[in-house]
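Q: Contents of model13.txt (compact mmCIF, C-alpha atoms and all ligand atoms):
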# COMPACT_ATOMS: atom_id res chain seq x y z
CA MET A 120 -25.46 -6.43 11.53
CA ASN A 121 -23.12 -4.67 9.13
CA LEU A 122 -21.80 -1.14 9.74
CA GLU A 123 -24.55 0.50 7.70
CA GLN A 124 -27.26 -1.28 9.68
CA VAL A 125 -25.63 -0.29 12.98
CA VAL A 126 -25.40 3.36 11.90
CA ASN A 127 -29.00 3.37 10.72
CA ALA A 128 -30.13 1.90 14.03
CA LEU A 129 -28.18 4.58 15.94
CA ILE A 130 -29.69 7.33 13.78
CA ALA A 131 -33.20 6.00 14.45
CA GLU A 132 -32.47 5.80 18.18
CA ASN A 133 -31.15 9.35 18.46
CA THR A 134 -33.42 11.40 16.19
CA PRO A 135 -37.09 12.43 16.50
CA LYS A 136 -39.46 9.78 15.11
CA ASP A 137 -41.76 12.21 13.28
CA GLY A 138 -41.54 12.85 9.53
CA ALA A 139 -39.14 11.46 6.88
CA ALA A 140 -35.64 10.37 7.95
CA PRO A 141 -33.98 13.58 9.18
CA VAL A 142 -30.47 12.15 8.92
CA SER A 143 -29.33 9.69 6.26
CA ILE A 144 -26.12 7.91 5.36
CA ILE A 145 -24.24 9.21 2.36
CA ASN A 146 -21.09 7.13 2.59
CA ILE A 147 -19.31 4.74 4.94
CA GLN A 148 -15.66 3.89 4.42
CA LYS A 149 -13.51 1.53 6.43
CA GLN A 150 -9.77 1.28 5.93
CA ASP A 151 -7.27 -0.34 8.30
CA GLY A 152 -9.62 0.01 11.26
CA ASN A 153 -10.36 3.68 10.48
CA VAL A 154 -14.00 4.37 9.76
CA GLN A 155 -15.36 7.48 8.10
CA ILE A 156 -19.05 8.12 7.92
CA ILE A 157 -20.70 10.91 5.99
CA LEU A 158 -24.25 11.75 6.95
CA GLU A 159 -26.67 14.15 5.36
CA ALA A 160 -28.79 16.11 7.81
CA LYS A 161 -32.19 17.47 6.82
CA LEU A 162 -32.73 19.04 10.24
CA THR A 163 -30.90 21.98 11.75
CA GLN A 164 -31.12 21.37 15.53
CA ALA A 165 -27.47 21.44 16.57
CA ASP A 166 -28.14 19.49 19.78
CA VAL A 167 -29.77 16.58 17.92
CA LEU A 168 -27.05 16.50 15.27
CA SER A 169 -24.27 16.58 17.80
CA LYS A 170 -25.92 13.79 19.80
CA VAL A 171 -26.24 11.61 16.67
CA GLN A 172 -22.63 12.32 15.76
CA GLN A 173 -21.29 11.56 19.23
CA GLN A 174 -23.36 8.41 19.73
CA ILE A 175 -22.30 6.96 16.39
CA GLU A 176 -18.64 7.74 17.08
CA LYS A 177 -18.89 6.21 20.54
CA GLU A 178 -20.77 3.05 19.59
CA ILE A 179 -18.89 2.24 16.40
CA ALA A 180 -15.56 2.67 18.23
CA LYS A 181 -16.60 -0.22 20.50
CA ILE A 182 -16.70 -2.66 17.57
CA PRO A 183 -13.62 -4.94 17.65
CA GLY A 184 -11.04 -4.07 15.00
CA ILE A 185 -12.07 -0.42 14.75
CA SER A 186 -9.45 2.03 15.95
CA SER A 187 -10.91 5.41 14.93
CA VAL A 188 -14.28 6.74 13.84
CA LYS A 189 -15.02 10.08 12.23
CA VAL A 190 -18.54 11.20 11.50
CA ALA A 191 -19.00 14.15 9.19
CA LEU A 192 -22.27 15.90 8.50
CA THR A 193 -23.25 17.56 5.28
CA SER A 194 -26.35 19.58 4.84
CA HIS A 195 -29.15 20.26 2.42
CA ARG A 196 -28.83 23.47 0.45
CA GLN A 197 -32.13 24.80 1.79
CA GLN A 198 -30.73 24.97 5.31
CA ALA A 199 -29.45 28.05 7.10
CA PRO A 200 -26.34 29.58 5.48
CA LEU A 201 -23.26 27.68 6.55
CA LYS A 202 -19.80 29.05 7.16
CA LYS A 203 -17.19 28.32 4.52
CA LEU A 204 -13.49 28.42 5.20
CA SER A 205 -11.79 30.47 2.56
CA LEU A 206 -8.24 31.69 2.20
CA PRO A 207 -7.72 35.46 2.17
CA GLY A 208 -6.53 36.71 -1.21
CA VAL A 209 -7.18 33.37 -2.92
CA ASN A 210 -9.95 33.69 -5.49
CA ALA A 211 -10.53 30.01 -6.20
CA ILE A 212 -9.33 26.63 -4.94
CA VAL A 213 -9.42 23.58 -7.17
CA ALA A 214 -8.53 20.04 -6.13
CA VAL A 215 -6.85 17.69 -8.61
CA ALA A 216 -7.91 14.24 -7.49
CA SER A 217 -8.70 10.63 -8.34
CA GLY A 218 -9.72 7.68 -6.23
CA LYS A 219 -6.63 5.77 -7.37
CA GLY A 220 -2.90 6.11 -6.82
CA GLY A 221 -0.30 6.55 -9.51
CA VAL A 222 -2.59 7.77 -12.29
CA GLY A 223 -0.68 11.04 -12.67
CA LYS A 224 -2.49 13.48 -10.34
CA SER A 225 0.69 15.24 -9.27
CA THR A 226 2.07 15.38 -12.81
CA THR A 227 -1.24 16.76 -14.07
CA ALA A 228 -1.61 19.23 -11.19
CA LEU A 229 1.86 20.64 -11.81
CA ASN A 230 1.59 20.90 -15.59
CA LEU A 231 -1.90 22.35 -15.34
CA ALA A 232 -0.63 24.93 -12.84
CA LEU A 233 2.27 25.85 -15.13
CA ALA A 234 0.06 26.07 -18.21
CA LEU A 235 -2.43 28.32 -16.34
CA SER A 236 0.43 30.46 -15.10
CA LYS A 237 1.72 30.85 -18.67
CA LEU A 238 -1.75 32.06 -19.64
CA GLY A 239 -1.12 34.96 -17.25
CA HIS A 240 -2.99 33.77 -14.16
CA LYS A 241 -1.50 33.95 -10.67
CA ILE A 242 -1.36 30.36 -9.52
CA GLY A 243 -0.50 28.61 -6.25
CA LEU A 244 0.14 24.89 -5.92
CA LEU A 245 -0.41 23.00 -2.68
CA ASP A 246 0.93 19.48 -2.45
CA ALA A 247 -1.64 17.98 -0.06
CA ASP A 248 -0.08 14.52 -0.09
CA ILE A 249 1.13 14.37 3.49
CA TYR A 250 2.22 10.72 3.19
CA GLY A 251 4.05 10.94 -0.12
CA PRO A 252 4.67 14.53 -1.20
CA SER A 253 5.73 14.87 -4.86
CA MET A 254 6.48 18.54 -5.42
CA PRO A 255 10.03 18.65 -3.95
CA ARG A 256 11.16 16.12 -6.57
CA MET A 257 8.93 17.31 -9.40
CA LEU A 258 10.15 20.88 -8.98
CA GLY A 259 13.69 20.02 -7.88
CA ILE A 260 13.22 21.93 -4.63
CA ASN A 261 15.35 21.12 -1.60
CA GLU A 262 15.09 24.31 0.39
CA LYS A 263 12.94 25.04 3.41
CA PRO A 264 10.35 27.82 3.24
CA ALA A 265 11.05 30.97 5.27
CA VAL A 266 8.65 32.27 7.94
CA ASN A 267 7.26 35.83 7.84
CA GLN A 268 6.73 38.22 10.79
CA ASN A 269 3.24 36.74 11.34
CA LYS A 270 4.83 33.30 11.76
CA LYS A 271 3.33 32.10 8.48
CA LEU A 272 5.29 29.99 6.02
CA ILE A 273 6.20 31.76 2.80
CA PRO A 274 5.54 29.49 -0.21
CA LEU A 275 8.48 28.85 -2.51
CA ASP A 276 8.50 30.43 -5.92
CA ARG A 277 9.15 28.16 -8.95
CA TYR A 278 8.50 29.09 -12.56
CA GLY A 279 6.13 31.81 -11.29
CA LEU A 280 4.11 29.39 -9.13
CA LYS A 281 3.74 29.72 -5.36
CA VAL A 282 4.35 26.22 -4.09
CA MET A 283 3.96 24.61 -0.68
CA SER A 284 4.53 20.98 0.30
CA ILE A 285 5.07 19.14 3.56
CA GLY A 286 8.05 17.65 1.73
CA PHE A 287 9.86 21.02 1.96
CA MET A 288 9.96 20.59 5.73
CA VAL A 289 11.07 16.94 6.01
CA PRO A 290 13.77 14.99 4.16
CA GLU A 291 12.53 12.87 1.21
CA ASP A 292 13.62 9.54 2.72
CA SER A 293 12.12 9.99 6.20
CA PRO A 294 8.99 7.90 6.75
CA MET A 295 5.69 9.74 7.16
CA ILE A 296 4.00 8.04 10.03
CA TRP A 297 0.97 10.25 10.52
CA ARG A 298 -2.20 9.19 12.14
CA GLY A 299 -5.61 10.41 10.99
CA PRO A 300 -5.96 13.51 13.20
CA MET A 301 -2.37 14.51 12.55
CA VAL A 302 -2.96 14.35 8.81
CA GLN A 303 -5.91 16.66 9.20
CA SER A 304 -4.09 19.19 11.33
CA ALA A 305 -1.05 19.07 9.05
CA LEU A 306 -3.33 19.79 6.10
CA GLN A 307 -5.10 22.59 7.87
CA GLN A 308 -1.75 24.15 8.69
CA MET A 309 -0.62 23.80 5.10
CA LEU A 310 -3.65 25.80 4.09
CA HIS A 311 -4.03 28.36 6.85
CA ASP A 312 -0.52 28.87 8.21
CA VAL A 313 0.88 29.64 4.80
CA ALA A 314 1.11 33.21 3.54
CA TRP A 315 -0.40 32.40 0.14
CA THR A 316 -0.55 36.11 -0.56
CA GLN A 317 1.34 39.08 0.89
CA ASP A 318 0.18 42.70 1.20
CA ASN A 319 -2.26 43.49 -1.61
CA GLU A 320 -1.37 40.49 -3.74
CA TYR A 321 -3.92 37.86 -4.70
CA LEU A 322 -3.96 34.41 -6.29
CA ASP A 323 -6.38 33.68 -9.11
CA LEU A 324 -6.31 30.03 -8.25
CA LEU A 325 -4.79 27.62 -5.75
CA ILE A 326 -4.43 24.13 -7.22
CA VAL A 327 -4.39 21.36 -4.66
CA ASP A 328 -2.63 18.14 -5.60
CA MET A 329 -4.61 15.57 -3.64
CA PRO A 330 -3.32 12.31 -2.21
CA PRO A 331 -4.80 9.10 -3.65
CA GLY A 332 -8.03 7.69 -2.25
CA THR A 333 -11.16 9.04 -0.64
CA GLY A 334 -9.99 8.97 2.99
CA ASP A 335 -9.21 11.44 5.77
CA ALA A 336 -7.22 13.98 3.84
CA GLN A 337 -9.69 14.21 0.98
CA LEU A 338 -12.64 14.56 3.32
CA THR A 339 -10.92 17.26 5.34
CA LEU A 340 -10.32 19.26 2.24
CA ALA A 341 -13.63 18.59 0.58
CA GLN A 342 -15.55 19.51 3.71
CA GLN A 343 -13.61 22.20 5.47
CA VAL A 344 -12.24 24.23 2.63
CA SER A 345 -14.26 26.30 0.30
CA LEU A 346 -13.28 24.28 -2.78
CA THR A 347 -14.46 25.95 -5.96
CA GLY A 348 -14.28 22.68 -7.85
CA ALA A 349 -12.48 19.43 -8.46
CA VAL A 350 -10.69 18.03 -11.49
CA ILE A 351 -10.63 14.24 -11.70
CA VAL A 352 -7.66 12.48 -13.29
CA SER A 353 -7.99 8.94 -14.54
CA THR A 354 -6.17 6.54 -16.79
CA PRO A 355 -8.45 5.04 -19.45
CA GLN A 356 -8.86 1.49 -18.19
CA ASP A 357 -11.98 0.35 -16.32
CA ILE A 358 -10.27 -0.35 -13.03
CA ALA A 359 -8.97 3.22 -12.75
CA LEU A 360 -12.32 4.62 -13.84
CA ILE A 361 -14.11 2.81 -11.03
CA ASP A 362 -11.83 4.60 -8.53
CA ALA A 363 -12.18 7.89 -10.38
CA ARG A 364 -15.96 7.55 -10.03
CA LYS A 365 -15.54 7.04 -6.27
CA GLY A 366 -13.46 10.21 -6.06
CA LEU A 367 -15.99 12.07 -8.15
CA ASN A 368 -18.89 10.88 -6.00
CA MET A 369 -17.14 12.04 -2.85
CA PHE A 370 -16.93 15.61 -4.18
CA HIS A 371 -20.50 15.45 -5.45
CA ARG A 372 -21.74 14.44 -2.03
CA VAL A 373 -20.13 17.38 -0.31
CA ASN A 374 -21.45 19.70 -3.01
CA VAL A 375 -18.13 20.46 -4.68
CA PRO A 376 -18.69 20.95 -8.42
CA ILE A 377 -16.74 18.67 -10.76
CA LEU A 378 -14.96 20.83 -13.33
CA GLY A 379 -14.29 17.76 -15.44
CA ILE A 380 -12.25 14.64 -16.11
CA ILE A 381 -8.77 14.41 -17.65
CA GLU A 382 -7.65 11.16 -19.22
CA ASN A 383 -3.95 10.72 -18.45
CA MET A 384 -1.68 8.16 -20.15
CA SER A 385 -4.35 8.13 -22.83
CA PHE A 386 -2.21 6.73 -25.63
CA PHE A 387 1.44 6.36 -26.62
CA CYS A 388 2.79 7.92 -29.76
CA CYS A 389 6.10 6.32 -30.78
CA PRO A 390 8.64 9.15 -31.10
CA LYS A 391 10.47 7.21 -33.88
CA CYS A 392 7.70 5.96 -36.20
CA GLY A 393 4.70 7.99 -34.94
CA GLU A 394 2.57 4.85 -34.44
CA VAL A 395 -0.10 5.29 -31.76
CA SER A 396 -0.47 2.48 -29.17
CA GLU A 397 -3.35 2.48 -26.71
CA ILE A 398 -1.42 0.92 -23.83
CA PHE A 399 -4.09 1.35 -21.17
CA SER A 400 -6.96 1.33 -23.68
CA HIS A 401 -8.28 4.74 -24.76
CA GLY A 402 -11.35 6.90 -24.48
CA GLY A 403 -12.68 5.41 -21.22
CA ALA A 404 -12.67 8.76 -19.41
CA LEU A 405 -14.50 10.49 -22.26
CA ARG A 406 -17.23 7.82 -22.19
CA GLU A 407 -17.35 8.04 -18.40
CA SER A 408 -17.69 11.82 -18.42
CA GLU A 409 -20.50 11.56 -20.98
CA SER A 410 -22.37 9.01 -18.89
CA LEU A 411 -21.89 11.08 -15.72
CA GLY A 412 -22.73 14.36 -17.43
CA VAL A 413 -19.49 16.11 -16.46
CA PRO A 414 -17.15 17.97 -18.85
CA PHE A 415 -14.28 16.11 -20.50
CA LEU A 416 -11.21 18.32 -20.21
CA GLY A 417 -8.76 16.50 -22.47
CA GLU A 418 -6.42 13.57 -22.90
CA VAL A 419 -2.71 13.53 -22.14
CA PRO A 420 -0.51 10.95 -23.91
CA ILE A 421 2.11 8.76 -22.28
CA ASP A 422 5.16 10.84 -23.08
CA LEU A 423 8.72 10.19 -21.99
CA LYS A 424 9.28 13.95 -21.83
CA ILE A 425 6.50 14.25 -19.23
CA ARG A 426 8.06 11.56 -17.05
CA LEU A 427 11.62 12.87 -17.47
CA GLY A 428 10.51 16.42 -16.71
CA ALA A 429 8.85 15.25 -13.49
CA ASP A 430 11.94 13.29 -12.46
CA GLN A 431 14.35 16.09 -13.25
CA GLY A 432 12.58 18.90 -11.44
CA THR A 433 11.20 20.59 -14.52
CA SER A 434 8.29 20.22 -16.94
CA VAL A 435 7.56 19.74 -20.59
CA VAL A 436 5.42 22.91 -20.42
CA ILE A 437 8.56 24.91 -19.52
CA ASP A 438 11.28 23.01 -21.40
CA ASP A 439 9.49 22.19 -24.62
CA PRO A 440 6.52 24.58 -24.88
CA GLN A 441 5.84 23.73 -28.53
CA SER A 442 5.75 19.97 -27.97
CA LYS A 443 2.48 18.09 -28.47
CA SER A 444 2.17 17.39 -24.75
CA ALA A 445 2.77 21.02 -23.74
CA LEU A 446 0.13 22.19 -26.23
CA ILE A 447 -2.29 19.62 -24.83
CA TYR A 448 -1.71 20.93 -21.28
CA ASN A 449 -2.34 24.47 -22.57
CA GLN A 450 -5.66 23.40 -24.05
CA ILE A 451 -6.63 21.59 -20.84
CA ALA A 452 -5.73 24.73 -18.88
CA LEU A 453 -8.07 26.77 -21.10
CA ASN A 454 -10.83 24.20 -20.59
CA VAL A 455 -10.36 24.19 -16.81
CA TRP A 456 -10.41 27.98 -16.71
CA LYS A 457 -13.63 28.04 -18.75
CA GLU A 458 -15.33 25.57 -16.41
CA LEU A 459 -14.05 27.49 -13.39
CA GLN A 460 -15.70 30.67 -14.63
CA LYS A 461 -19.00 28.80 -14.93
CA VAL A 462 -18.99 27.41 -11.38
CA ASN A 463 -17.51 30.52 -9.78
CA GLN A 464 -20.85 32.21 -10.28
CA CYS A 465 -22.67 29.62 -8.12
CA THR A 466 -20.35 28.37 -5.37
CA PRO A 467 -22.08 25.87 -3.06
CA SER A 468 -22.46 25.85 0.71
CA ILE A 469 -20.24 23.47 2.64
CA LEU A 470 -20.84 22.50 6.22
CA VAL A 471 -17.79 22.61 8.47
CA SER A 472 -18.06 19.81 11.01
N1 LIG B 1 1.32 11.38 -19.20
C1 LIG B 1 2.40 10.79 -18.66
N2 LIG B 1 3.40 10.32 -19.44
C2 LIG B 1 4.47 9.70 -18.90
N3 LIG B 1 4.66 9.51 -17.59
C3 LIG B 1 3.69 9.98 -16.77
C4 LIG B 1 2.53 10.65 -17.25
N4 LIG B 1 1.77 11.00 -16.18
C5 LIG B 1 2.41 10.58 -15.08
N5 LIG B 1 3.57 9.97 -15.43
C6 LIG B 1 4.55 9.34 -14.53
O1 LIG B 1 3.83 8.38 -13.76
C7 LIG B 1 4.32 8.34 -12.43
C8 LIG B 1 3.16 8.61 -11.45
O2 LIG B 1 2.69 9.93 -11.66
P1 LIG B 1 2.24 10.86 -10.46
O3 LIG B 1 3.22 10.82 -9.34
O4 LIG B 1 1.89 12.16 -11.05
O5 LIG B 1 0.92 10.07 -10.04
P2 LIG B 1 -0.03 10.35 -8.79
O6 LIG B 1 -1.40 9.97 -9.24
O7 LIG B 1 0.17 11.71 -8.27
O8 LIG B 1 0.53 9.29 -7.76
P3 LIG B 1 0.17 9.20 -6.19
O9 LIG B 1 -1.17 8.55 -6.16
O10 LIG B 1 1.26 8.33 -5.66
O11 LIG B 1 0.16 10.59 -5.65
C9 LIG B 1 5.43 9.40 -12.36
O12 LIG B 1 6.67 8.77 -12.55
C10 LIG B 1 5.12 10.32 -13.53
O13 LIG B 1 6.30 10.94 -14.05
MG MG B 2 0.67 12.34 -6.31
Translate the structure of the given file into structure tokens.
A:
Amino acid sequence: MNLEQVVNALIAENTPKDGAAPVSIINIQKQDGNVQIILEAKLTQADVLSKVQQQIEKEIAKIPGISSVKVALTSHRQQAPLKKLSLPGVNAIVAVASGKGGVGKSTTALNLALALSKLGHKIGLLDADIYGPSMPRMLGINEKPAVNQNKKLIPLDRYGLKVMSIGFMVPEDSPMIWRGPMVQSALQQMLHDVAWTQDNEYLDLLIVDMPPGTGDAQLTLAQQVSLTGAVIVSTPQDIALIDARKGLNMFHRVNVPILGIIENMSFFCCPKCGEVSEIFSHGGALRESESLGVPFLGEVPIDLKIRLGADQGTSVVIDDPQSKSALIYNQIALNVWKELQKVNQCTPSILVS
């Protein structure tokens, strides 16, 4: 039997036999012996759900080669109202994500945050990559955040953004050997033990730069935090789009609206002759967004200024605001803001497991 068959058998064994399947599998992921299972529950009896959850965790953990099992439950919208975790003073939280590594999530998250801030919005930026934080280098920050009288970390202020990263607390070259539960608690602390706002201040939007993949950290965020929406970043080639689709599906399944897709490294425009080269192909994300019925937010070229900015602790949006790339980020920021207004009127319910 494969994992899916085992889980289905355990569901059948531990749920009432009457009516249509009360609990169904949404997704099963296995990585390095860590298994994550997302189930959708159509029933509301807490005792039955908790039994199903516990039995699956217990039985799957017995399978050789499996070191940890996490079962998360999502619910149908018709069910009883479910509690959402929100951050006081933070009006919206948007994740910048992709299934794949190295496609430019952090670069996009930062430039989007800066462009939104320049539009006059109050923006926070959380680097949720516990394994490989980017913001210390991208913003040239090597100071530790202070702690306020309530023992909450005060985010650092850069270019008008409130920024927090695990990288502010540990040196860049120290290895991050976190295990699943530690990642989750570190992330929760980064969200809840940070004074995102002080006194009567508020943030219009907290942008969360997500780590690559659709594992522990993403699930924690997607399930436990009241995410207003997610922005998916992809490079244009098929292989990246397949991963982007996985990331997108994960948010869909936990009822987080997709604000849209950004195509990064879309094309290269030679700074000397102006010739356009489509290094990673071009237009794949636009086609993908059309086929999935989600907004296309824009395409960012491969630009040396973008890479240099990120490496030197600054950004093209700040240093060269009239450059083509900066103007593109401004337009993407406007598009994201427009989509955010649309979904803000109908935020979904998220079950906290
Ligand atoms: N549009 C672009 N033009 C030029 N360089 C870019 C562009 N976007 C990203 N880069 C560069 O590509 C590299 C990877 O980008 P980044 O770290 O943002 O990716 P990521 O998806 O966040 O990676 P990870 O999955 O490791 O978190 C960086 O060196 C960055 O400067
Ligand atoms: Mg990153």
Q: Hey, can you check how far atom CA of A:Pro135 sits from atom CA of A:Ala191?
A: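 Result for atom CA of A:Pro135 versus atom CA of A:Ala191: 19.6 Å, one decimal.
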Q: Return as a ChimeraX atom specification the residues of protein, DNA or RNA that approach ligand LIG 1 (chain B) to within 7 Å, with all atoms listed in the file taken into account.
A: /A:219-227,248,251,253,330-331,383-384,419-423,425-427,429-430
Q: Taking into account all atoms listed in the file, which residue in the set A:Ala265, A:Met288, A:Ile249, A:Ile145 is nearest to ligand MG 2 (chain B)?
A: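 For ligand MG 2 (chain B), the nearest of the candidates is A:Ile249.
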Q: At what distance in Å, to one decimal, does atom CA of A:Lys443 lie from atom CA of A:Lys457?
A: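 Computing the Euclidean distance for atom CA of A:Lys457 and atom CA of A:Lys443 yields 21.3 Å.
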Q: Closest to ligand MG 2 (chain B) among A:Arg256, A:Lys241, A:Lys424, A:His371, using all atoms listed in the file?
A: A:Arg256
Q: Would you mind reading off the distance between atom CA of A:Ser143 and atom CA of A:Gln174, one decimal, in Å?
A: 14.8 Å
Q: Within 9 Å of (-7.5, 16.7, -0.8), only C-alpha atoms: residues as a list in words?
A: Ala214, Val215, Ala216, Ala247, Asp248, Leu306, Val327, Asp328, Met329, Pro330, Pro331, Thr333, Gly334, Asp335, Ala336, Gln337, Leu338, Thr339, Leu340 and Ala341 of chain A
Q: Using only C-alpha atoms for the distances, tell me which of A:Ala211, A:Ala349, A:Leu416, A:Val436 is nearest to A:Leu367.
A: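 Using only C-alpha atoms, the shortest distance to A:Leu367 belongs to A:Ala349.
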Q: Point out the residue among A:Asn449, A:Gln441, A:Gln148, A:Ser169 with the least atom-to-atom distance to A:Ala232, counting all atoms listed in the file.
A: A:Asn449
Q: When you count all atoms listed in the file, which of these residues is closest to A:Val344: A:Leu238, A:Gln317, A:Ser396, A:Ser205?
A: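 Using all atoms listed in the file, A:Val344 sits closest to A:Ser205.
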